[in-house]
Each structure stands twice: as C-alpha cells, then as structure tokens.
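Shown below: target-v2.csv, with CSV, C-alpha atoms and all ligand atoms.
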```
chain,number,residue,atom,x,y,z
A,1,MET,CA,9.4,-34.5,-7.0
A,2,TYR,CA,10.3,-30.9,-6.4
A,3,GLU,CA,14.0,-31.9,-5.8
A,4,LYS,CA,14.0,-34.2,-8.8
A,5,ILE,CA,12.8,-31.5,-11.2
A,6,VAL,CA,15.3,-29.0,-9.8
A,7,SER,CA,18.1,-31.5,-10.0
A,8,ASP,CA,17.2,-32.4,-13.6
A,9,ASN,CA,17.6,-28.7,-14.4
A,10,LYS,CA,20.6,-28.0,-12.2
A,11,GLN,CA,23.1,-27.2,-15.0
A,12,TRP,CA,20.8,-24.7,-16.6
A,13,ILE,CA,20.0,-23.1,-13.2
A,14,ASP,CA,23.7,-22.8,-12.3
A,15,ASP,CA,24.5,-21.3,-15.7
A,16,VAL,CA,21.8,-18.6,-15.5
A,17,TRP,CA,22.9,-17.7,-12.0
A,18,GLU,CA,26.5,-17.3,-13.1
A,19,LYS,CA,25.5,-15.2,-16.1
A,20,ILE,CA,23.4,-12.9,-13.8
A,21,ASP,CA,26.2,-12.6,-11.3
A,22,LYS,CA,28.9,-11.9,-13.9
A,23,LYS,CA,26.9,-9.1,-15.5
A,24,MET,CA,25.6,-7.6,-12.3
A,25,LYS,CA,29.0,-7.5,-10.7
A,26,VAL,CA,30.0,-4.9,-13.3
A,27,VAL,CA,26.6,-3.2,-13.6
A,28,SER,CA,26.2,-2.8,-9.8
A,29,GLU,CA,29.5,-0.9,-9.7
A,30,LEU,CA,28.4,1.3,-12.7
A,31,SER,CA,25.0,2.1,-11.1
A,32,LYS,CA,26.0,2.2,-7.4
A,33,ASP,CA,24.9,5.8,-7.1
A,34,LYS,CA,21.5,5.2,-8.7
A,35,ILE,CA,18.2,3.5,-8.2
A,36,PRO,CA,17.2,2.3,-11.7
A,37,TYR,CA,13.7,1.9,-13.1
A,38,THR,CA,14.6,1.2,-16.7
A,39,THR,CA,17.4,1.8,-19.2
A,40,VAL,CA,17.8,4.6,-21.7
A,41,ASN,CA,20.0,3.6,-24.7
A,42,GLY,CA,21.2,0.7,-22.6
A,43,VAL,CA,22.1,2.8,-19.5
A,44,HIS,CA,20.2,2.7,-16.2
A,45,ASN,CA,18.2,5.8,-15.5
A,46,ASN,CA,18.2,7.2,-11.9
A,47,MET,CA,15.0,7.5,-9.8
A,48,VAL,CA,17.0,9.2,-7.0
A,49,LYS,CA,16.8,12.2,-9.2
A,50,ASP,CA,13.6,11.5,-11.1
A,51,ASP,CA,11.2,10.5,-8.3
A,52,ILE,CA,12.4,8.9,-5.1
A,53,THR,CA,8.8,8.0,-4.0
A,54,TRP,CA,8.3,5.8,-7.1
A,55,TRP,CA,6.8,2.4,-6.1
A,56,THR,CA,9.6,0.4,-7.7
A,57,ASN,CA,12.5,2.0,-5.8
A,58,GLY,CA,13.1,-1.0,-3.5
A,59,PHE,CA,13.8,-3.5,-6.2
A,60,TRP,CA,17.4,-2.4,-7.0
A,61,SER,CA,18.3,-2.9,-3.3
A,62,GLY,CA,16.4,-6.2,-3.3
A,63,LEU,CA,18.2,-7.4,-6.4
A,64,MET,CA,21.6,-6.6,-4.7
A,65,TRP,CA,20.5,-8.5,-1.6
A,66,LEU,CA,19.5,-11.6,-3.6
A,67,LEU,CA,23.0,-11.5,-5.2
A,68,TYR,CA,24.7,-10.9,-1.8
A,69,VAL,CA,22.9,-13.8,-0.1
A,70,GLY,CA,23.8,-16.0,-3.1
A,71,THR,CA,27.5,-15.0,-3.4
A,72,LYS,CA,28.5,-13.2,-0.1
A,73,ASP,CA,30.2,-10.6,-2.3
A,74,GLU,CA,30.5,-7.4,-0.2
A,75,GLN,CA,30.1,-5.2,-3.3
A,76,TYR,CA,26.4,-6.2,-3.6
A,77,ARG,CA,25.9,-5.4,0.1
A,78,SER,CA,27.4,-2.0,-0.2
A,79,VAL,CA,25.3,-1.1,-3.3
A,80,ALA,CA,22.1,-2.4,-1.5
A,81,GLU,CA,22.8,-0.3,1.5
A,82,ALA,CA,23.5,2.8,-0.5
A,83,ALA,CA,20.1,2.4,-2.2
A,84,GLU,CA,18.4,1.9,1.1
A,85,LYS,CA,19.9,5.2,2.3
A,86,PHE,CA,18.7,7.0,-0.8
A,87,LEU,CA,15.2,5.8,0.0
A,88,ASP,CA,15.2,7.9,3.2
A,89,GLY,CA,14.3,10.8,0.9
A,90,ALA,CA,10.9,9.0,0.2
A,91,LEU,CA,10.2,8.3,3.9
A,92,GLU,CA,10.5,12.1,4.5
A,93,ASP,CA,8.0,12.8,1.7
A,94,TYR,CA,4.9,11.3,3.5
A,95,ASP,CA,2.3,13.0,1.4
A,96,ARG,CA,3.5,11.3,-1.7
A,97,LEU,CA,3.7,7.8,-0.2
A,98,HIS,CA,1.2,5.1,-0.9
A,99,HIS,CA,0.4,1.5,-0.2
A,100,ASP,CA,3.5,0.4,-2.1
A,101,VAL,CA,5.7,0.9,0.9
A,102,GLY,CA,5.9,-2.9,1.2
A,103,PHE,CA,7.5,-3.1,-2.2
A,104,MET,CA,9.9,-0.3,-1.3
A,105,TRP,CA,11.1,-1.2,2.2
A,106,HIS,CA,10.4,-4.9,2.8
A,107,ILE,CA,13.1,-6.2,0.4
A,108,SER,CA,15.5,-3.3,1.0
A,109,ALA,CA,15.7,-2.2,4.7
A,110,GLY,CA,13.7,-5.3,5.7
A,111,VAL,CA,16.1,-7.8,4.2
A,112,ASN,CA,19.1,-5.8,5.5
A,113,TYR,CA,17.7,-6.0,9.1
A,114,ARG,CA,16.9,-9.7,8.8
A,115,LEU,CA,20.4,-10.4,7.7
A,116,PHE,CA,22.4,-8.0,9.9
A,117,GLY,CA,20.0,-6.7,12.6
A,118,GLY,CA,20.9,-3.0,12.1
A,119,LYS,CA,18.8,-0.6,14.2
A,120,LYS,CA,18.4,1.9,11.4
A,121,SER,CA,17.2,-0.7,8.9
A,122,ARG,CA,14.7,-2.0,11.5
A,123,LEU,CA,13.4,1.5,12.0
A,124,ARG,CA,12.9,2.1,8.2
A,125,ALA,CA,11.0,-1.1,7.8
A,126,THR,CA,8.9,-0.3,10.9
A,127,TYR,CA,8.0,3.2,9.6
A,128,ALA,CA,6.9,1.6,6.3
A,129,ALA,CA,4.8,-1.0,8.2
A,130,ASP,CA,3.2,1.8,10.2
A,131,ILE,CA,2.4,3.8,7.1
A,132,LEU,CA,0.9,0.7,5.4
A,133,ALA,CA,-1.2,-0.3,8.5
A,134,SER,CA,-2.4,3.3,8.9
A,135,ARG,CA,-4.0,3.1,5.5
A,136,TYR,CA,-6.4,0.4,6.7
A,137,ASN,CA,-10.1,1.3,6.8
A,138,PRO,CA,-11.8,-0.7,9.6
A,139,ASP,CA,-15.3,0.0,8.2
A,140,GLY,CA,-14.5,-1.1,4.7
A,141,LYS,CA,-12.0,-3.7,5.8
A,142,PHE,CA,-9.3,-2.8,3.3
A,143,ILE,CA,-6.0,-1.0,2.9
A,144,ARG,CA,-6.5,2.0,0.7
A,145,SER,CA,-4.2,1.7,-2.4
A,146,TRP,CA,-3.6,5.2,-3.8
A,147,ASN,CA,-4.2,8.8,-2.8
A,148,GLY,CA,-6.2,11.7,-4.2
A,149,ASP,CA,-9.6,11.1,-5.6
A,150,ASN,CA,-9.3,7.4,-5.7
A,151,LYS,CA,-11.2,6.8,-2.5
A,152,GLY,CA,-12.1,3.1,-1.8
A,153,TRP,CA,-9.7,1.9,-4.5
A,154,VAL,CA,-8.0,-1.4,-3.9
A,155,ILE,CA,-5.6,-2.9,-6.4
A,156,ILE,CA,-4.5,-6.6,-6.7
A,157,ASP,CA,-0.8,-5.5,-6.4
A,158,SER,CA,-1.6,-4.8,-2.7
A,159,MET,CA,-1.2,-8.5,-1.9
A,160,MET,CA,2.6,-8.1,-2.4
A,161,ASN,CA,2.8,-5.3,0.1
A,162,ILE,CA,1.1,-7.0,3.1
A,163,PRO,CA,4.0,-9.4,3.9
A,164,LEU,CA,5.6,-6.4,5.5
A,165,LEU,CA,2.8,-6.4,8.0
A,166,TYR,CA,3.3,-10.1,8.8
A,167,TRP,CA,6.9,-9.3,9.4
A,168,ALA,CA,6.0,-6.4,11.8
A,169,SER,CA,3.7,-8.6,13.8
A,170,GLU,CA,6.4,-11.2,14.3
A,171,GLU,CA,9.1,-8.6,15.0
A,172,TYR,CA,7.1,-6.7,17.6
A,173,ASP,CA,5.2,-9.8,18.9
A,174,ASP,CA,2.0,-7.7,18.3
A,175,ASN,CA,-1.0,-9.1,16.4
A,176,ARG,CA,-2.3,-5.7,15.1
A,177,PHE,CA,-0.3,-5.7,11.9
A,178,LYS,CA,-1.2,-9.3,11.0
A,179,ALA,CA,-4.9,-8.6,11.8
A,180,VAL,CA,-4.9,-5.7,9.3
A,181,ALA,CA,-3.1,-7.9,6.6
A,182,LEU,CA,-5.5,-10.8,7.1
A,183,SER,CA,-8.6,-8.7,6.9
A,184,HIS,CA,-7.3,-7.0,3.8
A,185,ALA,CA,-6.4,-10.3,2.1
A,186,LYS,CA,-9.9,-11.7,2.8
A,187,THR,CA,-11.4,-8.5,1.2
A,188,VAL,CA,-9.2,-8.9,-1.9
A,189,MET,CA,-10.0,-12.6,-2.1
A,190,GLU,CA,-13.7,-11.9,-2.1
A,191,ASN,CA,-13.8,-8.9,-4.3
A,192,HIS,CA,-10.9,-9.1,-6.8
A,193,ILE,CA,-10.8,-12.8,-7.6
A,194,ARG,CA,-13.6,-13.6,-10.1
A,195,PRO,CA,-15.5,-16.9,-10.3
A,196,ASP,CA,-13.3,-18.0,-13.3
A,197,ALA,CA,-10.2,-17.5,-11.1
A,198,THR,CA,-8.9,-14.4,-12.9
A,199,SER,CA,-8.4,-11.1,-11.1
A,200,HIS,CA,-9.7,-7.6,-11.4
A,201,HIS,CA,-6.9,-5.1,-11.3
A,202,ILE,CA,-8.8,-2.3,-9.5
A,203,VAL,CA,-11.9,-2.5,-7.4
A,204,ARG,CA,-13.7,0.4,-5.7
A,205,LEU,CA,-15.3,-0.5,-2.3
A,206,ASP,CA,-17.7,1.5,-0.2
A,207,GLU,CA,-15.6,3.2,2.4
A,208,GLU,CA,-18.3,2.8,5.1
A,209,THR,CA,-19.6,-0.7,4.4
A,210,GLY,CA,-16.9,-2.3,2.3
A,211,GLU,CA,-19.5,-3.2,-0.3
A,212,PHE,CA,-18.3,-3.7,-3.9
A,213,ILE,CA,-19.2,-0.7,-6.0
A,214,GLU,CA,-17.4,-1.2,-9.3
A,215,ALA,CA,-14.2,-2.6,-11.0
A,216,PHE,CA,-11.9,-1.0,-13.5
A,217,GLY,CA,-9.7,-2.5,-16.1
A,218,GLY,CA,-6.7,-0.6,-14.8
A,219,GLN,CA,-3.4,-1.6,-16.5
A,220,GLY,CA,-5.0,-4.4,-18.5
A,221,TYR,CA,-6.8,-4.3,-21.9
A,222,GLU,CA,-10.3,-3.5,-20.7
A,223,LEU,CA,-12.8,-4.0,-17.9
A,224,GLY,CA,-13.3,-7.8,-17.4
A,225,SER,CA,-10.0,-8.7,-19.2
A,226,SER,CA,-7.1,-10.5,-17.5
A,227,TRP,CA,-4.0,-8.3,-17.0
A,228,THR,CA,-1.2,-10.8,-16.7
A,229,ARG,CA,0.9,-9.0,-14.1
A,230,GLY,CA,-2.2,-8.6,-12.0
A,231,GLN,CA,-2.8,-12.3,-12.2
A,232,ALA,CA,0.9,-12.8,-11.2
A,233,TRP,CA,0.6,-10.5,-8.2
A,234,ALA,CA,-2.4,-12.5,-7.1
A,235,ILE,CA,-0.6,-15.9,-7.4
A,236,TYR,CA,2.5,-14.7,-5.6
A,237,GLY,CA,0.6,-12.5,-3.1
A,238,PHE,CA,-1.8,-15.3,-2.0
A,239,ILE,CA,0.8,-18.0,-1.6
A,240,LEU,CA,2.8,-15.5,0.5
A,241,SER,CA,-0.3,-14.9,2.7
A,242,TYR,CA,-0.6,-18.7,3.0
A,243,ILE,CA,3.0,-19.1,4.0
A,244,HIS,CA,2.8,-16.4,6.7
A,245,THR,CA,-0.6,-17.4,8.1
A,246,GLY,CA,-1.2,-21.1,7.3
A,247,LYS,CA,-4.7,-20.3,6.2
A,248,GLN,CA,-5.9,-22.9,3.6
A,249,GLU,CA,-8.2,-20.5,1.8
A,250,PHE,CA,-5.1,-18.4,0.7
A,251,LEU,CA,-3.4,-21.5,-0.7
A,252,ASP,CA,-6.6,-22.6,-2.5
A,253,THR,CA,-6.9,-19.1,-4.0
A,254,ALA,CA,-3.2,-19.0,-5.1
A,255,LYS,CA,-3.7,-22.4,-6.8
A,256,ARG,CA,-7.0,-21.4,-8.5
A,257,VAL,CA,-5.4,-18.3,-10.0
A,258,ALA,CA,-2.2,-20.2,-10.9
A,259,ASN,CA,-4.2,-22.9,-12.7
A,260,SER,CA,-5.9,-20.4,-14.8
A,261,PHE,CA,-2.6,-18.6,-15.5
A,262,ILE,CA,-0.9,-21.9,-16.5
A,263,ALA,CA,-3.7,-22.8,-18.8
A,264,ASN,CA,-3.6,-19.4,-20.6
A,265,ALA,CA,0.2,-19.5,-20.7
A,266,ALA,CA,0.3,-23.0,-22.2
A,267,VAL,CA,-2.0,-21.9,-25.1
A,268,ASN,CA,0.3,-18.9,-25.7
A,269,ASP,CA,3.4,-21.2,-25.9
A,270,TRP,CA,4.6,-19.8,-22.5
A,271,VAL,CA,5.0,-16.3,-24.0
A,272,ILE,CA,3.0,-14.1,-21.6
A,273,PRO,CA,1.0,-11.3,-23.3
A,274,ILE,CA,0.2,-8.1,-21.4
A,275,ASP,CA,-3.4,-9.3,-21.0
A,276,PHE,CA,-4.6,-12.8,-21.6
A,277,ARG,CA,-7.8,-11.3,-23.2
A,278,GLN,CA,-6.1,-8.7,-25.4
A,279,PRO,CA,-6.7,-8.8,-29.2
A,280,GLU,CA,-4.5,-11.3,-31.2
A,281,GLU,CA,-2.8,-8.3,-32.9
A,282,PRO,CA,-0.6,-6.5,-32.1
A,283,LYS,CA,1.3,-9.2,-30.3
A,284,LEU,CA,2.2,-7.3,-27.1
A,285,ILE,CA,4.0,-9.2,-24.3
A,286,ASP,CA,5.0,-8.5,-20.7
A,287,THR,CA,8.1,-10.5,-19.6
A,288,THR,CA,7.7,-9.1,-16.0
A,289,ALA,CA,4.5,-11.0,-15.6
A,290,ALA,CA,6.3,-14.2,-16.4
A,291,THR,CA,9.0,-13.6,-13.8
A,292,ILE,CA,6.6,-12.8,-11.0
A,293,ALA,CA,4.3,-15.7,-11.8
A,294,ALA,CA,7.4,-18.0,-11.9
A,295,CYS,CA,8.3,-16.9,-8.3
A,296,GLY,CA,4.7,-17.6,-7.1
A,297,LEU,CA,4.5,-21.0,-8.9
A,298,ILE,CA,7.8,-22.1,-7.3
A,299,GLU,CA,6.4,-21.2,-3.8
A,300,ILE,CA,3.2,-23.0,-4.5
A,301,ALA,CA,5.2,-26.1,-5.6
A,302,LYS,CA,7.0,-26.0,-2.3
A,303,ASN,CA,3.7,-25.9,-0.4
A,304,VAL,CA,1.7,-28.6,-2.0
A,305,GLY,CA,1.9,-32.4,-1.9
A,306,GLU,CA,4.3,-34.5,-3.9
A,307,HIS,CA,1.7,-35.3,-6.7
A,308,GLU,CA,1.0,-31.6,-7.4
A,309,GLN,CA,4.5,-30.2,-7.3
A,310,LYS,CA,5.2,-30.8,-11.0
A,311,LEU,CA,2.0,-29.0,-12.0
A,312,TYR,CA,3.4,-25.7,-10.7
A,313,LEU,CA,7.2,-26.1,-10.9
A,314,THR,CA,7.3,-27.3,-14.6
A,315,PRO,CA,5.4,-24.2,-16.0
A,316,ALA,CA,7.6,-21.9,-13.9
A,317,ILE,CA,10.8,-23.5,-15.4
A,318,LYS,CA,9.3,-23.4,-18.9
A,319,MET,CA,8.6,-19.7,-18.6
A,320,MET,CA,12.0,-19.0,-17.1
A,321,LYS,CA,13.9,-21.0,-19.8
A,322,LEU,CA,12.0,-19.1,-22.5
A,323,LEU,CA,13.0,-15.8,-20.9
A,324,ASP,CA,16.6,-16.9,-20.6
A,325,GLU,CA,16.7,-18.0,-24.2
A,326,LYS,CA,14.8,-15.2,-26.0
A,327,TYR,CA,14.4,-12.2,-23.7
A,328,CYS,CA,17.5,-11.8,-21.6
A,329,ASN,CA,20.5,-9.8,-22.4
A,330,TYR,CA,23.6,-10.8,-20.5
A,331,THR,CA,26.0,-8.5,-22.3
A,332,LEU,CA,27.2,-5.1,-21.0
A,333,GLU,CA,25.8,-3.2,-24.0
A,334,GLU,CA,22.5,-3.1,-22.0
A,335,GLN,CA,22.5,-2.7,-18.3
A,336,SER,CA,19.2,-4.5,-17.6
A,337,ILE,CA,18.8,-8.2,-18.0
A,338,VAL,CA,15.2,-9.0,-18.9
A,339,GLN,CA,13.9,-7.1,-21.9
A,340,MET,CA,10.3,-6.6,-23.2
A,341,GLY,CA,8.5,-5.7,-20.0
A,342,SER,CA,5.4,-3.6,-20.3
A,343,GLU,CA,3.9,-1.2,-17.8
A,344,ALA,CA,0.4,-1.6,-19.1
A,345,TYR,CA,-1.7,-2.3,-22.2
A,346,ARG,CA,-1.5,1.3,-23.6
A,347,LEU,CA,-1.3,1.6,-27.4
A,348,GLU,CA,-1.3,5.3,-27.0
A,349,ALA,CA,1.9,5.2,-24.9
A,350,PRO,CA,4.3,2.9,-26.9
A,351,GLU,CA,7.3,4.1,-24.9
A,352,LYS,CA,5.8,2.1,-21.9
A,353,ILE,CA,5.6,-1.1,-23.8
A,354,HIS,CA,8.4,-3.6,-24.5
A,355,MET,CA,11.0,-2.0,-22.3
A,356,PRO,CA,13.3,-3.3,-19.5
A,357,ILE,CA,11.8,-2.7,-16.1
A,358,ILE,CA,13.7,-3.2,-12.8
A,359,TYR,CA,11.2,-5.6,-11.3
A,360,GLY,CA,11.7,-7.9,-14.3
A,361,ASP,CA,15.4,-8.2,-13.4
A,362,TYR,CA,14.5,-8.6,-9.7
A,363,PHE,CA,11.9,-11.4,-10.0
A,364,PHE,CA,13.9,-13.2,-12.7
A,365,THR,CA,16.8,-13.3,-10.3
A,366,GLU,CA,14.6,-14.2,-7.4
A,367,ALA,CA,13.2,-17.2,-9.3
A,368,ILE,CA,16.7,-18.5,-10.1
A,369,TYR,CA,17.8,-17.8,-6.5
A,370,LYS,CA,14.9,-20.0,-5.3
A,371,LEU,CA,15.7,-22.7,-7.8
A,372,LYS,CA,19.4,-22.6,-6.6
A,373,GLY,CA,18.0,-23.6,-3.2
A,374,PHE,CA,18.6,-20.3,-1.2
A,375,ASP,CA,15.8,-20.4,1.2
A,376,MET,CA,15.6,-17.0,2.8
A,377,LEU,CA,12.2,-15.7,1.8
A,378,PHE,CA,12.5,-12.0,1.0
A,379,TRP,CA,8.8,-11.3,1.2
A,401,LIG,N1,1.0,-1.0,-10.3
A,401,LIG,C1,2.0,-2.0,-10.2
A,401,LIG,C2,2.3,-2.6,-11.5
A,401,LIG,O1,2.5,-1.9,-12.5
A,401,LIG,O2,2.4,-3.8,-11.5
```

Rewrite the structure from the file as structure tokens, please.
Ligand code: GLY
Amino acid sequence: MYEKIVSDNKQWIDDVWEKIDKKMKVVSELSKDKIPYTTVNGVHNNMVKDDITWWTNGFWSGLMWLLYVGTKDEQYRSVAEAAEKFLDGALEDYDRLHHDVGFMWHISAGVNYRLFGGKKSRLRATYAADILASRYNPDGKFIRSWNGDNKGWVIIDSMMNIPLLYWASEEYDDNRFKAVALSHAKTVMENHIRPDATSHHIVRLDEETGEFIEAFGGQGYELGSSWTRGQAWAIYGFILSYIHTGKQEFLDTAKRVANSFIANAAVNDWVIPIDFRQPEEPKLIDTTAATIAACGLIEIAKNVGEHEQKLYLTPAIKMMKLLDEKYCNYTLEEQSIVQMGSEAYRLEAPEKIHMPIIYGDYFFTEAIYKLKGFDMLFW
C-alpha cells in the first residue's frame, strides 16, 4: 500500500524535488557564508553573526545534506561542511548550550560522519552527545531542557534531540547513551502525553523524585491547549524512538498522537493552525508544524502493517500538497521555500508569526526526500 500511494503521486513528488533543487542550487551559493534562520526582505539572515548557539543552527547544514544525498552535487556538500565548521563557535560556548544540541549536530556533523567517516565530524557529534547525556538527572529520570531558573523543565521538543544518543550508543558500542535516552523518553511519555493523546509543551518535574509538579502552555495558546508544533515533535520523536529501540510503547504513543493530529488537521481542511485549540479568529497558522508532522507520519506509515499505511501516509501527502500549492515560494525573489511558519502563539509579537523559518524548509525537503525513496534516516 505504501509503495502504491507513493507511486500514484510520483510525478508530483519528482516535480517538487526538482523545484527545491533548482532553487536551492542558487540560494545555497548565495548563502554559503551564512547559517540562516529566517529571511529579511526575502534575503537569508545570518545566525553566525546573530547567535551561533541558537537551537536551529543545524538545519541549514542538514538541508544541504538532504540535497547532497539526493543529487550528489558537491556544492551542497561544501555548503553543509562550511556550516558545520561555523557551528564550532557554539561548541566553544558551553555555558550557552542547551538540550537542543541534537538538533544542532546530529543532522550536520552527524550526517557528515555517517556519509564520509571524517574524524572531526565524529568528534563534534560525540561532544554534542556527551553534552546532552550530561544533562540527564538520574533522580528525576529526565534530560533537563533549558538553563537558568527553569529547573526540572522538560519540553516535548526534547524527543527530537535524543536520537543523537541512540547514535552514540551504536557508534561507541556503549549502552549508557541509549539508557539515558530510553529513560527520558519514558518520562516524557508518562508526563507530557495527556489521556486525549495531545501533548503538553512544557512540564516541570521534581528534580529529586521525578514527580510531576505542573505544566505550562509554552509556545501554544494557553495551558491545556494543543500547540501543533509540539504535537508534531511528539509524533516524529516517538516514532524515531521506536525505530531506534523497537519498543512497542513508543510506536503506540506516536500513533495515538498522530491519530489526534490527523483528526484535528482534517477538520481544519489540512491547514495547520498554531494551536488546535486557539480561538477561531485570528486565523493564525504554522506551516512548520505540518512539515514536521508529515515526516513523522511518513515514518509511522513505514512501520505499521499494510492495512494501516494509508491512514498515515495519505494525510502526510495531503498536507504536503497543500504546502506546495499555497505556501511555498520557488522563485528567487525570496530565499526561503516554505512561508507562513510561526514561532509561537504570541499576538503581542506579530513579527514572530507568519514568517519563513529554516526548519520549515528543512522538514519540507526531508518529507519529499523520504517520498522520493532516499532511505538514509537523518535522525
Ligand atoms: N522550541 C522549539 C520550537 O520552537 O519548536
């Protein structure tokens, strides 16, 4: 069934891949000395100057690697490697690093190492894994998310960082990293995922006992609402933990959250709001949530039986087609591809709503890469 659905959509998949490649071939050259986060008047900004420790700084390199694997064009490799080197500035700024080191180094240095085996890339990914593992609290059984006063805070996004630890365990034939990842994933499953299969964004746990203290609405509309990018991180994060560990409970969790996401997406005509429980007006959307969810749904479809594959793959393709038709810009007037991403539900900060964000481009391209049949899993 998976193959049939992909083959029925082959022409569209090939066309989108071609449009991405054509645009990024030019843009990658123009932005080769940058690590972009967004665009200003259509031009990529540069996080190398603005903040090299920013959590999204691995996506540019990751995007270049997706295109390299798909095309074998050396230009993409060279831009990916330049961005990986820029990131060394962040590795040297330990105090400002956080749990998002998985986002930063797993798909940059980590992919480079898995492709070419370079020592320096292996070291970078290893330092990142060490930093992430060192944030584990064995009493509370969680990896601490942020720094400063936010003690005991764990955010759902963390599920996308722990695949770096599964990699480190395999690479060093050492179970410690995987043990940390597994323990953290179970804590998140028990504390973030609610009975109705939606997810809290932020949970505060007791540092000594791991007991649930309170939840926060975080980047969503309010406490108890359903921030769509958080739901998407849960879908993709739990299916990745299943792929790396084979533990059924992670597949079941990914499917439960996916089922609720799909039901909500369907009643919104596949246009994903910032929060599934936000007010009807204003109509705020977040295209990045759709791209991340699509990647997770595609992986779920690959990991369930024949009769369930359509249930996950068809919604992923529906969301991707809508993005392609209505929210993508393939011209060179604008250097990003996917428009209308939103950092958070923040009416008081309109500049953070409906903007291009680098991970929108990354996950949009990753979903098409998966549908094209490239099977190297980046996470
Ligand atoms: N904090 C990660 C995100 O904005 O999804």

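With all atoms listed in the file as the atoms that count, the set of residues no farther than 8 Å from ligand LIG 401 (chain A) is Trp55, Ile155, Asp157, Gln219, Arg229, Gly230, Trp233, Glu343 and Ala344 of chain A.
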
Neighbours of Asn161 in chain A within 7 Å (all atoms listed in the file; same-chain residues fewer than 5 positions away dropped), as a short mmCIF file (atom, residue, chain, number, x, y, z; two decimals) with C-alpha atoms, keeping the file's coordinate frame?
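Produced file out14.cif, reproduced below:
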```
data_model
loop_
_atom_site.label_atom_id
_atom_site.label_comp_id
_atom_site.auth_asym_id
_atom_site.auth_seq_id
_atom_site.Cartn_x
_atom_site.Cartn_y
_atom_site.Cartn_z
CA ASP A 100 3.50 0.40 -2.10
CA VAL A 101 5.70 0.90 0.90
CA GLY A 102 5.90 -2.90 1.20
CA PHE A 103 7.50 -3.10 -2.20
#
```

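One finds CA of Gly246 in chain A at 27.6 Å from CA of Thr209 in chain A.
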
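What separates CA of Cys295 in chain A from CA of Lys72 in chain A is a distance of 22.1 Å.
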
Å distance separating CA of Lys19 in chain A from CA of Gln231 in chain A, one decimal place: 28.7 Å

Which residues of range 55-99 of chain A come within 10 Å of range 22-26 of chain A, and for each one, what is the closest pair of atoms and their distance in Å to one decimal, counting all atoms listed in the file, sorted by chain and residue number, as a Markdown table?
```
| residue | atom | partner | partner_atom | distance |
| --- | --- | --- | --- | --- |
| A:Leu63 | CA | A:Met24 | CA | 9.5 |
| A:Met64 | CA | A:Met24 | CA | 8.6 |
| A:Leu67 | CA | A:Met24 | CA | 8.5 |
| A:Asp73 | CA | A:Lys25 | CA | 9.0 |
| A:Gln75 | CA | A:Lys25 | CA | 7.8 |
| A:Tyr76 | CA | A:Lys25 | CA | 7.7 |
```

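Comparing the minimum interatomic distances between Glu280 in chain A and each of A:Tyr221, A:Trp12, A:Phe238, A:Tyr312, counting all atoms listed in the file, we find that A:Tyr221 sits nearest.
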
For all heavy atoms, please extract range 139-144 of chain A from the block and return it as an mmCIF file, in the first residue's frame.
```
data_model
loop_
_atom_site.group_PDB
_atom_site.id
_atom_site.type_symbol
_atom_site.label_atom_id
_atom_site.label_comp_id
_atom_site.auth_asym_id
_atom_site.auth_seq_id
_atom_site.Cartn_x
_atom_site.Cartn_y
_atom_site.Cartn_z
ATOM 1 N N ASP A 139 17.944 11.067 39.306
ATOM 2 C CA ASP A 139 16.873 11.017 40.320
ATOM 3 C C ASP A 139 15.515 11.293 39.665
ATOM 4 O O ASP A 139 14.550 10.577 39.893
ATOM 5 C CB ASP A 139 17.118 12.071 41.418
ATOM 6 C CG ASP A 139 18.334 11.729 42.259
ATOM 7 O OD1 ASP A 139 18.718 10.536 42.273
ATOM 8 O OD2 ASP A 139 18.904 12.639 42.881
ATOM 9 N N GLY A 140 15.495 12.344 38.860
ATOM 10 C CA GLY A 140 14.225 12.706 38.221
ATOM 11 C C GLY A 140 13.943 11.907 36.963
ATOM 12 O O GLY A 140 12.837 11.894 36.448
ATOM 13 N N LYS A 141 14.957 11.227 36.432
ATOM 14 C CA LYS A 141 14.838 10.425 35.201
ATOM 15 C C LYS A 141 14.431 11.266 33.980
ATOM 16 O O LYS A 141 13.541 10.917 33.214
ATOM 17 C CB LYS A 141 13.853 9.260 35.389
ATOM 18 C CG LYS A 141 14.285 8.264 36.453
ATOM 19 C CD LYS A 141 13.425 7.030 36.413
ATOM 20 C CE LYS A 141 13.934 5.899 37.286
ATOM 21 N NZ LYS A 141 14.610 6.261 38.540
ATOM 22 N N PHE A 142 15.084 12.411 33.840
ATOM 23 C CA PHE A 142 14.815 13.244 32.668
ATOM 24 C C PHE A 142 16.064 14.013 32.267
ATOM 25 O O PHE A 142 16.965 14.225 33.086
ATOM 26 C CB PHE A 142 13.668 14.238 32.937
ATOM 27 C CG PHE A 142 13.950 15.229 34.037
ATOM 28 C CD1 PHE A 142 14.645 16.414 33.780
ATOM 29 C CD2 PHE A 142 13.521 14.991 35.342
ATOM 30 C CE1 PHE A 142 14.905 17.329 34.788
ATOM 31 C CE2 PHE A 142 13.787 15.902 36.364
ATOM 32 C CZ PHE A 142 14.473 17.071 36.086
ATOM 33 N N ILE A 143 16.105 14.403 30.998
ATOM 34 C CA ILE A 143 17.151 15.303 30.498
ATOM 35 C C ILE A 143 16.622 16.725 30.663
ATOM 36 O O ILE A 143 15.533 17.046 30.154
ATOM 37 C CB ILE A 143 17.460 15.022 29.012
ATOM 38 C CG1 ILE A 143 18.060 13.623 28.843
ATOM 39 C CG2 ILE A 143 18.408 16.084 28.452
ATOM 40 C CD1 ILE A 143 18.171 13.170 27.392
ATOM 41 N N ARG A 144 17.362 17.528 31.365
ATOM 42 C CA ARG A 144 16.915 18.910 31.580
ATOM 43 C C ARG A 144 16.922 19.675 30.249
ATOM 44 O O ARG A 144 17.884 19.598 29.487
ATOM 45 C CB ARG A 144 17.847 19.592 32.584
ATOM 46 C CG ARG A 144 17.434 21.002 32.837
ATOM 47 C CD ARG A 144 18.315 21.683 33.845
ATOM 48 N NE ARG A 144 17.938 23.093 33.860
ATOM 49 C CZ ARG A 144 18.292 23.950 34.788
ATOM 50 N NH1 ARG A 144 19.016 23.563 35.806
ATOM 51 N NH2 ARG A 144 17.911 25.211 34.714
#
```
